[in-house]
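The data block below is query.cif; it holds mmCIF, C-alpha atoms and all ligand atoms.
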data_data
#
loop_
_atom_site.label_atom_id
_atom_site.label_comp_id
_atom_site.auth_asym_id
_atom_site.auth_seq_id
_atom_site.Cartn_x
_atom_site.Cartn_y
_atom_site.Cartn_z
CA MET C 997 6.65 -11.24 0.55
CA PRO C 998 6.70 -14.99 0.96
CA ARG C 999 3.33 -16.60 0.38
CA SER C 1000 2.39 -20.09 -0.69
CA ILE C 1001 2.78 -20.88 -4.38
CA SER C 1002 -0.88 -21.60 -4.85
CA LYS C 1003 -1.86 -18.16 -3.52
CA LYS C 1004 0.90 -16.43 -5.39
CA ALA C 1005 0.17 -18.14 -8.65
CA GLN C 1006 -3.47 -17.06 -8.29
CA LYS C 1007 -2.36 -13.42 -8.49
CA HIS C 1008 -1.60 -13.83 -12.14
CA ASN C 1009 -4.50 -16.12 -12.86
CA GLN C 1010 -7.03 -14.23 -14.86
CA ALA C 1011 -10.48 -13.87 -13.35
CA PRO C 1012 -12.95 -15.93 -15.37
CA GLY C 1013 -15.08 -13.68 -17.50
CA ARG C 1014 -12.27 -11.15 -17.82
CA LEU C 1015 -10.07 -13.10 -20.17
CA ASN C 1016 -10.31 -10.72 -23.07
CA VAL C 1017 -9.84 -7.42 -21.29
CA GLY C 1018 -7.04 -5.53 -22.98
CA GLN C 1019 -5.15 -8.50 -24.27
CA PRO C 1020 -2.24 -7.56 -26.47
CA ASN C 1021 -3.86 -8.84 -29.65
CA GLY C 1022 -7.28 -7.44 -28.91
CA GLY C 1023 -8.82 -10.39 -27.15
CA THR C 1024 -7.82 -13.72 -28.62
CA ASN C 1025 -6.06 -16.32 -26.58
CA VAL C 1026 -3.09 -15.03 -24.63
CA SER C 1027 -0.46 -17.50 -25.75
CA LYS C 1028 -1.39 -16.91 -29.41
CA SER C 1029 -1.01 -13.15 -29.03
CA ALA C 1030 2.23 -13.58 -27.12
CA ALA C 1031 3.60 -15.67 -29.97
CA GLY C 1032 3.03 -12.72 -32.31
CA PRO C 1033 5.63 -10.13 -33.30
CA LYS C 1034 8.39 -9.85 -30.71
CA LEU C 1035 8.85 -6.13 -30.57
CA ASN C 1036 11.98 -6.06 -28.49
CA ALA C 1037 13.18 -9.59 -28.37
CA ALA C 1038 16.79 -9.09 -29.42
CA LYS C 1039 18.96 -8.26 -26.44
CA GLY C 1040 20.85 -5.01 -26.59
CA ILE C 1041 17.88 -3.06 -27.95
CA LEU C 1042 17.01 -1.53 -24.61
CA PRO C 1043 19.31 1.20 -23.40
CA PRO C 1044 21.12 0.12 -20.24
CA GLY C 1045 19.47 0.87 -16.93
CA LEU C 1046 17.14 -0.42 -14.23
CA TYR C 1047 13.56 -0.71 -15.53
CA ILE C 1048 10.96 -0.63 -12.71
CA VAL C 1049 8.07 -2.53 -14.26
CA ALA C 1050 4.55 -2.58 -12.77
CA THR C 1051 2.61 -5.81 -13.34
CA PRO C 1052 -1.10 -6.67 -12.85
CA ILE C 1053 -2.60 -6.97 -9.35
CA GLY C 1054 -5.02 -9.66 -10.47
CA ASN C 1055 -6.23 -9.03 -14.00
CA LEU C 1056 -3.71 -9.87 -16.73
CA GLY C 1057 -5.52 -7.49 -19.04
CA ASP C 1058 -3.84 -4.71 -17.07
CA MET C 1059 -0.39 -5.70 -18.34
CA THR C 1060 0.85 -2.80 -20.47
CA GLN C 1061 2.33 -3.25 -23.92
CA ARG C 1062 5.42 -1.37 -22.79
CA ALA C 1063 5.85 -3.73 -19.82
CA ILE C 1064 5.72 -6.75 -22.17
CA GLU C 1065 8.23 -5.24 -24.58
CA THR C 1066 10.58 -4.19 -21.79
CA LEU C 1067 10.48 -7.58 -20.08
CA ARG C 1068 11.21 -9.21 -23.44
CA GLY C 1069 14.05 -6.83 -24.21
CA ALA C 1070 15.76 -6.87 -20.81
CA ASP C 1071 18.87 -8.95 -20.22
CA VAL C 1072 17.53 -10.21 -16.91
CA ILE C 1073 14.40 -9.81 -14.76
CA ALA C 1074 14.94 -9.36 -11.03
CA CYS C 1075 11.83 -10.65 -9.30
CA GLU C 1076 10.60 -11.53 -5.80
CA ASP C 1077 9.58 -15.09 -6.63
CA THR C 1078 10.55 -16.78 -9.88
CA ARG C 1079 7.50 -19.09 -9.65
CA VAL C 1080 5.05 -16.17 -9.53
CA THR C 1081 6.79 -14.12 -12.22
CA GLY C 1082 7.30 -17.30 -14.22
CA VAL C 1083 3.51 -17.63 -14.58
CA LEU C 1084 3.31 -14.07 -15.91
CA LEU C 1085 6.21 -14.55 -18.31
CA GLN C 1086 4.72 -17.75 -19.65
CA ARG C 1087 1.38 -16.02 -20.33
CA PHE C 1088 3.13 -13.40 -22.45
CA ALA C 1089 5.76 -15.67 -24.00
CA ILE C 1090 8.62 -13.80 -22.42
CA ALA C 1091 11.80 -15.89 -22.38
CA THR C 1092 14.08 -13.50 -20.47
CA PRO C 1093 15.99 -15.19 -17.61
CA MET C 1094 14.97 -14.33 -14.04
CA THR C 1095 17.01 -13.75 -10.92
CA PRO C 1096 15.42 -13.71 -7.45
CA TYR C 1097 15.60 -10.39 -5.59
CA HIS C 1098 13.67 -10.33 -2.33
CA ASP C 1099 13.86 -9.19 1.28
CA HIS C 1100 15.95 -12.20 2.32
CA ASN C 1101 18.68 -12.11 -0.35
CA ALA C 1102 18.66 -8.43 -1.37
CA ASP C 1103 21.87 -7.41 0.44
CA HIS C 1104 23.74 -10.27 -1.20
CA VAL C 1105 22.22 -9.96 -4.70
CA ARG C 1106 22.14 -6.15 -5.02
CA PRO C 1107 25.90 -5.83 -5.76
CA GLN C 1108 25.57 -8.49 -8.46
CA ILE C 1109 22.71 -6.61 -10.12
CA LEU C 1110 24.65 -3.35 -9.87
CA ALA C 1111 27.65 -5.00 -11.50
CA ARG C 1112 25.49 -6.12 -14.42
CA LEU C 1113 24.04 -2.63 -14.76
CA GLN C 1114 27.50 -1.11 -14.67
CA ALA C 1115 28.51 -3.52 -17.43
CA GLY C 1116 25.79 -1.93 -19.60
CA GLU C 1117 22.95 -4.42 -19.20
CA ALA C 1118 19.22 -3.64 -19.06
CA VAL C 1119 17.75 -5.07 -15.86
CA ALA C 1120 14.00 -5.17 -15.27
CA LEU C 1121 12.67 -5.18 -11.70
CA VAL C 1122 9.22 -6.61 -10.98
CA SER C 1123 7.45 -7.62 -7.77
CA ASP C 1124 4.92 -10.42 -7.33
CA ALA C 1125 2.16 -8.01 -8.31
CA GLY C 1126 1.67 -4.28 -8.74
CA THR C 1127 4.35 -1.63 -8.62
CA PRO C 1128 7.76 -2.56 -7.19
CA LEU C 1129 8.86 -0.49 -4.15
CA ILE C 1130 5.23 0.02 -3.02
CA SER C 1131 5.30 -2.22 0.09
CA ASP C 1132 7.62 -4.39 -2.00
CA PRO C 1133 11.40 -4.67 -2.51
CA GLY C 1134 13.31 -2.24 -4.72
CA TYR C 1135 13.91 0.97 -2.80
CA LYS C 1136 17.51 0.15 -1.83
CA LEU C 1137 18.29 -1.00 -5.37
CA VAL C 1138 16.98 2.25 -6.87
CA ARG C 1139 18.91 4.25 -4.26
CA ALA C 1140 22.09 2.29 -5.07
CA CYS C 1141 21.54 3.05 -8.78
CA ALA C 1142 21.09 6.74 -8.01
CA GLU C 1143 24.34 6.75 -6.03
CA ALA C 1144 26.20 4.92 -8.81
CA GLY C 1145 24.87 7.20 -11.56
CA ILE C 1146 22.83 4.39 -13.16
CA LYS C 1147 19.58 5.35 -14.82
CA ALA C 1148 16.30 4.08 -13.29
CA ILE C 1149 13.36 4.06 -15.72
CA PRO C 1150 9.79 3.78 -14.38
CA LEU C 1151 7.13 1.81 -16.25
CA PRO C 1152 3.92 2.85 -14.46
CA GLY C 1153 0.99 0.52 -14.26
CA PRO C 1154 -1.18 -1.29 -11.71
CA SER C 1155 -0.93 -0.63 -8.00
CA ALA C 1156 -3.48 -1.52 -5.33
CA LEU C 1157 -2.84 1.88 -3.76
CA LEU C 1158 -4.08 3.87 -6.74
CA ALA C 1159 -6.78 1.37 -7.70
CA ALA C 1160 -8.29 1.66 -4.19
CA LEU C 1161 -8.06 5.44 -4.19
CA ALA C 1162 -9.83 5.52 -7.53
CA VAL C 1163 -12.95 3.82 -6.12
CA ALA C 1164 -12.99 4.71 -2.41
CA ALA C 1165 -15.06 7.87 -3.04
CA LEU C 1166 -12.85 9.83 -0.63
CA PRO C 1167 -10.82 12.98 -1.38
CA THR C 1168 -7.69 12.35 -3.43
CA ASN C 1169 -6.14 15.82 -3.35
CA ARG C 1170 -4.00 14.95 -0.33
CA VAL C 1171 -3.16 11.34 0.47
CA LEU C 1172 -0.91 9.53 2.92
CA PHE C 1173 0.09 5.97 2.07
CA ALA C 1174 0.72 4.21 5.40
CA GLY C 1175 1.46 0.71 4.04
CA PHE C 1176 0.90 -2.14 6.52
CA LEU C 1177 0.12 -1.25 10.15
CA PRO C 1178 1.82 -3.29 12.90
CA SER C 1179 0.14 -6.60 13.67
CA LYS C 1180 -0.10 -6.00 17.46
CA SER C 1181 -2.90 -3.75 18.62
CA GLY C 1182 -0.75 -1.60 20.95
CA ALA C 1183 1.79 -0.69 18.26
CA ARG C 1184 -1.01 -0.29 15.72
CA CYS C 1185 -2.85 2.23 17.91
CA GLU C 1186 0.38 4.17 18.44
CA ASP C 1187 0.88 4.43 14.68
CA LEU C 1188 -2.74 5.49 14.25
CA MET C 1189 -2.36 8.17 16.94
CA ALA C 1190 0.48 9.66 14.91
CA LEU C 1191 -1.81 9.85 11.85
CA LYS C 1192 -4.91 11.07 13.68
CA SER C 1193 -4.62 14.81 13.06
CA LEU C 1194 -3.53 14.57 9.40
CA GLN C 1195 -5.91 16.26 7.02
CA ALA C 1196 -5.17 13.71 4.31
CA THR C 1197 -6.92 10.57 3.11
CA LEU C 1198 -5.13 7.58 4.65
CA VAL C 1199 -4.43 4.38 2.71
CA PHE C 1200 -3.50 1.12 4.47
CA TYR C 1201 -2.65 -2.31 3.11
CA GLU C 1202 -4.12 -4.98 5.37
CA SER C 1203 -4.34 -8.73 5.61
CA PRO C 1204 -7.86 -10.20 5.66
CA GLN C 1205 -7.05 -11.98 8.96
CA ARG C 1206 -6.34 -8.68 10.71
CA LEU C 1207 -8.98 -6.60 8.96
CA ALA C 1208 -11.65 -6.66 11.69
CA ASP C 1209 -9.18 -5.89 14.51
CA SER C 1210 -7.52 -3.13 12.51
CA LEU C 1211 -10.83 -1.51 11.67
CA ALA C 1212 -11.80 -1.64 15.35
CA ASP C 1213 -8.54 0.11 16.34
CA MET C 1214 -9.03 2.67 13.57
CA ALA C 1215 -12.56 3.39 14.80
CA THR C 1216 -11.31 3.80 18.39
CA VAL C 1217 -8.29 5.97 17.61
CA LEU C 1218 -9.40 7.92 14.53
CA GLY C 1219 -13.02 8.31 15.62
CA GLN C 1220 -16.09 8.83 13.47
CA ARG C 1221 -14.87 8.82 9.85
CA ASN C 1222 -15.91 7.45 6.50
CA ALA C 1223 -13.83 4.66 5.05
CA ALA C 1224 -13.75 2.12 2.22
CA VAL C 1225 -12.63 -1.49 2.33
CA CYS C 1226 -11.45 -2.40 -1.18
CA ARG C 1227 -11.02 -6.13 -1.65
CA GLU C 1228 -9.80 -8.23 -4.57
CA LEU C 1229 -9.47 -5.25 -6.88
CA THR C 1230 -9.47 -6.08 -10.61
CA LYS C 1231 -10.34 -9.70 -9.79
CA LEU C 1232 -13.52 -11.74 -10.13
CA TYR C 1233 -14.76 -11.11 -6.57
CA GLU C 1234 -13.86 -7.42 -6.50
CA GLU C 1235 -15.75 -5.63 -3.71
CA VAL C 1236 -15.78 -2.06 -2.38
CA ARG C 1237 -17.59 -1.42 0.90
CA ARG C 1238 -18.04 2.18 1.99
CA ASP C 1239 -19.30 3.06 5.48
CA SER C 1240 -18.20 4.62 8.76
CA LEU C 1241 -15.18 3.01 10.43
CA ALA C 1242 -17.36 1.86 13.33
CA ASN C 1243 -19.92 0.19 11.04
CA LEU C 1244 -17.23 -1.48 8.94
CA ALA C 1245 -15.48 -2.73 12.10
CA GLN C 1246 -18.75 -4.18 13.38
CA ALA C 1247 -19.63 -5.76 10.04
CA TYR C 1248 -16.27 -7.52 9.62
CA ALA C 1249 -16.29 -8.63 13.29
CA ASP C 1250 -19.67 -10.29 12.69
CA GLU C 1251 -18.67 -12.05 9.46
CA PRO C 1252 -16.26 -14.88 8.66
CA THR C 1253 -12.74 -13.73 7.73
CA PRO C 1254 -12.92 -12.36 4.18
CA LYS C 1255 -10.81 -13.92 1.45
CA GLY C 1256 -8.27 -12.25 -0.78
CA GLU C 1257 -6.36 -9.00 -0.63
CA VAL C 1258 -7.48 -5.79 1.01
CA VAL C 1259 -6.81 -2.06 0.98
CA VAL C 1260 -8.45 0.20 3.59
CA VAL C 1261 -8.94 3.85 2.67
CA VAL C 1262 -9.92 6.23 5.49
CA ALA C 1263 -11.03 9.86 5.37
CA GLY C 1264 -8.52 12.33 6.82
CA ALA C 1265 -9.13 14.47 9.89
CA ALA C 1266 -11.84 17.05 9.33
CA PRO C 1267 -10.31 20.50 8.76
CA ASP C 1268 -11.88 21.87 11.94
CA GLN C 1269 -11.21 18.81 14.11
CA GLU C 1270 -8.26 20.47 15.85
CA LYS C 1271 -10.30 23.63 16.42
CA THR C 1272 -13.19 21.61 17.85
CA GLU C 1273 -10.78 19.77 20.14
CA ALA C 1274 -9.31 23.08 21.32
CA ILE C 1275 -12.78 24.42 22.14
CA ASP C 1276 -13.60 21.18 23.99
CA ILE C 1277 -10.38 21.45 26.00
CA ASP C 1278 -11.09 25.09 26.93
CA GLN C 1279 -14.58 24.16 28.09
CA ALA C 1280 -13.30 21.20 30.11
CA LEU C 1281 -10.66 23.40 31.76
CA GLN C 1282 -13.21 26.11 32.65
CA ASP C 1283 -15.38 23.44 34.28
CA ALA C 1284 -12.43 21.96 36.16
CA PHE C 1285 -11.31 25.38 37.47
CA LYS C 1286 -14.51 25.50 39.51
CA THR C 1287 -13.23 22.78 41.82
CA MET C 1288 -9.49 22.45 41.17
CA SER C 1289 -6.23 24.35 41.02
CA VAL C 1290 -4.87 25.25 37.58
CA ARG C 1291 -2.26 22.50 37.81
CA ASP C 1292 -4.75 19.81 38.90
CA ALA C 1293 -7.32 20.92 36.31
CA ALA C 1294 -4.71 20.67 33.56
CA ALA C 1295 -3.66 17.20 34.70
CA ALA C 1296 -7.26 15.97 34.92
CA VAL C 1297 -8.25 17.35 31.51
CA ALA C 1298 -5.08 16.04 29.82
CA GLU C 1299 -5.81 12.59 31.22
CA ALA C 1300 -9.51 12.65 30.38
CA MET C 1301 -9.02 13.96 26.83
CA ASN C 1302 -5.88 11.97 26.06
CA GLN C 1303 -3.86 15.12 25.37
CA PRO C 1304 -0.24 15.99 26.18
CA ARG C 1305 -0.03 17.39 29.76
CA ARG C 1306 2.38 20.17 28.85
CA THR C 1307 0.09 21.54 26.09
CA VAL C 1308 -2.99 21.46 28.30
CA TYR C 1309 -1.11 23.08 31.20
CA ALA C 1310 0.04 25.92 28.94
CA ARG C 1311 -3.54 26.43 27.80
CA ALA C 1312 -4.79 26.29 31.42
CA LEU C 1313 -2.31 29.02 32.45
CA ALA C 1314 -3.41 31.21 29.54
CA LEU C 1315 -7.08 30.77 30.44
CA ALA C 1316 -6.44 31.37 34.15
CA LYS C 1317 -4.67 34.67 33.32
CA LYS C 1318 -7.73 35.83 31.38
N1 LIG C 1401 3.37 -3.51 -4.82
C1 LIG C 1401 1.98 -3.81 -4.68
C2 LIG C 1401 1.15 -2.64 -5.23
O1 LIG C 1401 1.68 -1.86 -6.01
O2 LIG C 1401 -0.01 -2.53 -4.91
C3 LIG C 1401 1.60 -4.12 -3.25
C4 LIG C 1401 2.34 -5.28 -2.67
S1 LIG C 1401 1.92 -5.62 -0.99
C5 LIG C 1401 3.12 -6.85 -0.61
C6 LIG C 1401 0.48 -6.58 -1.13
C7 LIG C 1401 -0.74 -5.87 -0.57
O3 LIG C 1401 -1.28 -5.00 -1.56
C8 LIG C 1401 -1.87 -6.78 -0.19
O4 LIG C 1401 -1.70 -7.32 1.10
C9 LIG C 1401 -3.07 -5.87 -0.27
O5 LIG C 1401 -3.13 -5.05 0.87
C10 LIG C 1401 -2.68 -5.01 -1.47
N2 LIG C 1401 -3.21 -5.60 -2.72
C11 LIG C 1401 -2.51 -6.18 -3.70
N3 LIG C 1401 -3.33 -6.58 -4.69
C12 LIG C 1401 -4.59 -6.25 -4.31
C13 LIG C 1401 -5.88 -6.39 -4.90
N4 LIG C 1401 -6.02 -6.97 -6.08
N5 LIG C 1401 -6.95 -5.91 -4.23
C14 LIG C 1401 -6.80 -5.31 -3.03
N6 LIG C 1401 -5.61 -5.16 -2.42
C15 LIG C 1401 -4.51 -5.61 -3.06
#

The structure given in the file should be rewritten as structure tokens.
Ligand code: SAM
Amino acid sequence: MPRSISKKAQKHNQAPGRLNVGQPNGGTNVSKSAAGPKLNAAKGILPPGLYIVATPIGNLGDMTQRAIETLRGADVIACEDTRVTGVLLQRFAIATPMTPYHDHNADHVRPQILARLQAGEAVALVSDAGTPLISDPGYKLVRACAEAGIKAIPLPGPSALLAALAVAALPTNRVLFAGFLPSKSGARCEDLMALKSLQATLVFYESPQRLADSLADMATVLGQRNAAVCRELTKLYEEVRRDSLANLAQAYADEPTPKGEVVVVVAGAAPDQEKTEAIDIDQALQDAFKTMSVRDAAAAVAEAMNQPRRTVYARALALAKK
């Protein structure tokens, strides 16, 4: 995703006060540790294949040892933005060449990467931050590898999706990752309508500029639900706010636009929400029958309760028969 260099470079800038967290050599200065033993420096050590490497979402201490070794051992690193990944590579003294692979050149570059893989090279794929393919490029490359019989090897690590879920204090047994919602309110509400009845915790990536509007649409469409706004995870100004959607929408509407990166986690539909709605519809139909025909009652209730006409009409006929 194109962003300005200053913002992008910040992603890999360690939060002050967190410099020593999990550094490869146990907490001394990064460049010193990176200059230490090169575990996989000689090319040809890694078996051929596409290595999907997760990188930190803000705190360099989250870089895994395996990610460092793989990036060092790969023949080439395919990355969204060489300037952003360059900062990361410099921090860990990784000298592997980079090749840009992003939304705008992917169709052109993918065959070149496949050709290298078919020639037996080890190619590492990283995104600007977090896990590639998660609202980031990579899916079509992995699919092309699958079709060509080339091995894809995952190196799990940071992702804002899982970090947010870990602290949202909402159920994690069933989760739907919805990525970014549309930027226009109409399309956003349509997408939310499609998610409304899901009994699964919903996870959205959101820009700080759209946060207040999105929360307002969520409150309108999804109704009274608990949610968590998780901002700047793993960074210095990390913040998790848990409240109802309506309260969060009001709070962010009243405040200046927040800074940084945001994940919104929203409770799923209550298990009995559909039942409650059905009871409400039956009651509304019974009331309407007092003054209207079955057809008119169904139309009025469908309109008033924002329900599909055909479903409400079928229910109205069943009730009228009784
Ligand atoms: N591939 C990445 C991952 O695994 O999380 C996500 C890339 S997506 C282009 C960027 C979005 O992820 C941001 O707009 C924000 O919604 C979320 N994000 C990334 N880093 C974050 C952080 N440190 N705190 C909160 N949200 C973050």

Would you place a box with edges along x, y and z of the file around all atoms of ligand LIG 1401 (chain C) listed there, add 6 Å to each of its six sides, and report the centre and edge lengths in Å to one decimal, as AutoDock Vina command-line options?
--center_x -1.8 --center_y -4.6 --center_z -2.5 --size_x 22.3 --size_y 17.5 --size_z 19.2

Counting all atoms listed in the file, what are the residues, protein, DNA or RNA alike, that approach ligand LIG 1401 (chain C) to within 7 Å? I want them as a list in words.
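Protein and nucleic-acid residues within 7 Å of ligand LIG 1401 (chain C): Met997, Ile1053, Gly1054, Ser1123, Ala1125, Gly1126, Thr1127, Pro1128, Leu1129, Ile1130, Ser1131, Asp1132, Pro1154, Ser1155, Ala1156, Leu1157, Tyr1201, Glu1202, Ser1203, Cys1226, Arg1227, Glu1228, Leu1229, Thr1230, Lys1231, Glu1257, Val1258 and Val1259 of chain C.
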
Residues as selected, C-alpha atoms, written as a compact mmCIF listing (two decimals), keeping the file's coordinate frame, can you do that?
# COMPACT_ATOMS: atom_id res chain seq x y z
CA MET C 997 6.65 -11.24 0.55
CA ILE C 1053 -2.60 -6.97 -9.35
CA GLY C 1054 -5.02 -9.66 -10.47
CA SER C 1123 7.45 -7.62 -7.77
CA ALA C 1125 2.16 -8.01 -8.31
CA GLY C 1126 1.67 -4.28 -8.74
CA THR C 1127 4.35 -1.63 -8.62
CA PRO C 1128 7.76 -2.56 -7.19
CA LEU C 1129 8.86 -0.49 -4.15
CA ILE C 1130 5.23 0.02 -3.02
CA SER C 1131 5.30 -2.22 0.09
CA ASP C 1132 7.62 -4.39 -2.00
CA PRO C 1154 -1.18 -1.29 -11.71
CA SER C 1155 -0.93 -0.63 -8.00
CA ALA C 1156 -3.48 -1.52 -5.33
CA LEU C 1157 -2.84 1.88 -3.76
CA TYR C 1201 -2.65 -2.31 3.11
CA GLU C 1202 -4.12 -4.98 5.37
CA SER C 1203 -4.34 -8.73 5.61
CA CYS C 1226 -11.45 -2.40 -1.18
CA ARG C 1227 -11.02 -6.13 -1.65
CA GLU C 1228 -9.80 -8.23 -4.57
CA LEU C 1229 -9.47 -5.25 -6.88
CA THR C 1230 -9.47 -6.08 -10.61
CA LYS C 1231 -10.34 -9.70 -9.79
CA GLU C 1257 -6.36 -9.00 -0.63
CA VAL C 1258 -7.48 -5.79 1.01
CA VAL C 1259 -6.81 -2.06 0.98

Point-to-point distance from CA of Met1094 (chain C) to CA of Thr1081 (chain C), Å rounded to tenths:
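Atom-to-atom, CA of Met1094 (chain C) and CA of Thr1081 (chain C) are spaced 8.4 Å apart.
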
Atom pair CA of Ala1144 (chain C) / CA of Val1072 (chain C): separation (Å):
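Here the two named atoms are 19.2 Å from each other.
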
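The spacing separating CA of Arg1087 (chain C) from CA of Met1059 (chain C) amounts to 10.7 Å.
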
Tell me, as an MDAnalysis selection string, which residues lie within 10 Å of Glu1299 (chain C), counting only C-alpha atoms; anything in the same chain fewer than 6 positions away does not count.
chainID C and resid 1293 1305 1308

Can you find the residues with an atom no farther than 7 Å from (-5.9, 24.4, 31.3), counting all atoms listed in the file, and report them as a PyMOL selection string?
chain C and resi 1278+1281+1290+1293-1294+1308-1313+1315

Find the residues near region 1171-1183 of chain C: any atom within 9 Å, counting only C-alpha atoms, skip ones fewer than 5 places away on the same chain, and give them as a list in words.
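Neighbouring residues, sequence-local ones excluded: Ile1130, Ser1131, Leu1157, Leu1161, Leu1188, Leu1191, Leu1194, Gln1195, Ala1196, Thr1197, Leu1198, Val1199, Phe1200, Tyr1201, Glu1202, Ser1203, Arg1206, Asp1209, Ser1210, Asp1213 and Gly1264 of chain C.
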
Near Val1119 (chain C), within 7 Å and counting all atoms listed in the file, which residues show up once chain neighbours fewer than 6 positions away are dropped, as a CSV table (one decimal) with C-alpha atoms, in the frame of the given file?
chain,number,residue,atom,x,y,z
C,1045,GLY,CA,19.5,0.9,-16.9
C,1046,LEU,CA,17.1,-0.4,-14.2
C,1047,TYR,CA,13.6,-0.7,-15.5
C,1070,ALA,CA,15.8,-6.9,-20.8
C,1071,ASP,CA,18.9,-9.0,-20.2
C,1072,VAL,CA,17.5,-10.2,-16.9
C,1073,ILE,CA,14.4,-9.8,-14.8
C,1113,LEU,CA,24.0,-2.6,-14.8

Between C:Gly1082, C:Gly1069, C:Pro1096, C:Gly1153, which one has atoms that come closest to Pro1133 (chain C), using all atoms listed in the file?
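Of C:Gly1082, C:Gly1069, C:Pro1096, C:Gly1153, the one nearest Pro1133 (chain C), counting all atoms listed in the file, is C:Pro1096.
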
Counting only C-alpha atoms, which of C:Ala1300, C:Val1083, C:Cys1075, C:Ala1164 gets nearest to Asp1099 (chain C)?
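Among the listed residues, C:Cys1075 lies closest to Asp1099 (chain C).
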
At the level of all heavy atoms, write region 1249-1254 of chain C to a file as a PDB file, in the first residue's frame, please.
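Written out: part38.pdb:
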ATOM      1  N   ALA C1249     -16.004  10.766  17.397  1.00  0.00           N
ATOM      2  CA  ALA C1249     -16.571  11.920  16.688  1.00  0.00           C
ATOM      3  C   ALA C1249     -16.242  13.204  17.445  1.00  0.00           C
ATOM      4  O   ALA C1249     -16.060  14.269  16.845  1.00  0.00           O
ATOM      5  CB  ALA C1249     -18.081  11.754  16.543  1.00  0.00           C
ATOM      6  N   ASP C1250     -16.139  13.102  18.768  1.00  0.00           N
ATOM      7  CA  ASP C1250     -15.895  14.292  19.597  1.00  0.00           C
ATOM      8  C   ASP C1250     -14.415  14.669  19.686  1.00  0.00           C
ATOM      9  O   ASP C1250     -14.078  15.749  20.163  1.00  0.00           O
ATOM     10  CB  ASP C1250     -16.406  14.038  21.029  1.00  0.00           C
ATOM     11  CG  ASP C1250     -17.915  13.960  21.066  1.00  0.00           C
ATOM     12  OD1 ASP C1250     -18.548  14.370  20.069  1.00  0.00           O
ATOM     13  OD2 ASP C1250     -18.459  13.465  22.075  1.00  0.00           O
ATOM     14  N   GLU C1251     -13.539  13.742  19.303  1.00  0.00           N
ATOM     15  CA  GLU C1251     -12.094  13.973  19.485  1.00  0.00           C
ATOM     16  C   GLU C1251     -11.417  14.298  18.164  1.00  0.00           C
ATOM     17  O   GLU C1251     -11.952  13.969  17.106  1.00  0.00           O
ATOM     18  CB  GLU C1251     -11.439  12.692  20.036  1.00  0.00           C
ATOM     19  CG  GLU C1251     -11.884  12.355  21.435  1.00  0.00           C
ATOM     20  CD  GLU C1251     -11.365  10.982  21.867  1.00  0.00           C
ATOM     21  OE1 GLU C1251     -10.406  10.470  21.250  1.00  0.00           O
ATOM     22  OE2 GLU C1251     -11.931  10.443  22.821  1.00  0.00           O
ATOM     23  N   PRO C1252     -10.206  14.883  18.224  1.00  0.00           N
ATOM     24  CA  PRO C1252      -9.455  15.052  16.966  1.00  0.00           C
ATOM     25  C   PRO C1252      -9.134  13.685  16.366  1.00  0.00           C
ATOM     26  O   PRO C1252      -9.076  12.683  17.102  1.00  0.00           O
ATOM     27  CB  PRO C1252      -8.165  15.748  17.408  1.00  0.00           C
ATOM     28  CG  PRO C1252      -8.336  16.127  18.831  1.00  0.00           C
ATOM     29  CD  PRO C1252      -9.481  15.367  19.400  1.00  0.00           C
ATOM     30  N   THR C1253      -8.905  13.657  15.060  1.00  0.00           N
ATOM     31  CA  THR C1253      -8.578  12.388  14.381  1.00  0.00           C
ATOM     32  C   THR C1253      -7.390  11.730  15.076  1.00  0.00           C
ATOM     33  O   THR C1253      -6.344  12.373  15.250  1.00  0.00           O
ATOM     34  CB  THR C1253      -8.216  12.664  12.903  1.00  0.00           C
ATOM     35  OG1 THR C1253      -9.328  13.340  12.328  1.00  0.00           O
ATOM     36  CG2 THR C1253      -7.929  11.389  12.147  1.00  0.00           C
ATOM     37  N   PRO C1254      -7.535  10.456  15.450  1.00  0.00           N
ATOM     38  CA  PRO C1254      -6.402   9.809  16.132  1.00  0.00           C
ATOM     39  C   PRO C1254      -5.246   9.567  15.170  1.00  0.00           C
ATOM     40  O   PRO C1254      -5.444   9.538  13.957  1.00  0.00           O
ATOM     41  CB  PRO C1254      -6.998   8.480  16.604  1.00  0.00           C
ATOM     42  CG  PRO C1254      -8.140   8.229  15.689  1.00  0.00           C
ATOM     43  CD  PRO C1254      -8.667   9.553  15.256  1.00  0.00           C
TER      44      PRO C1254
END
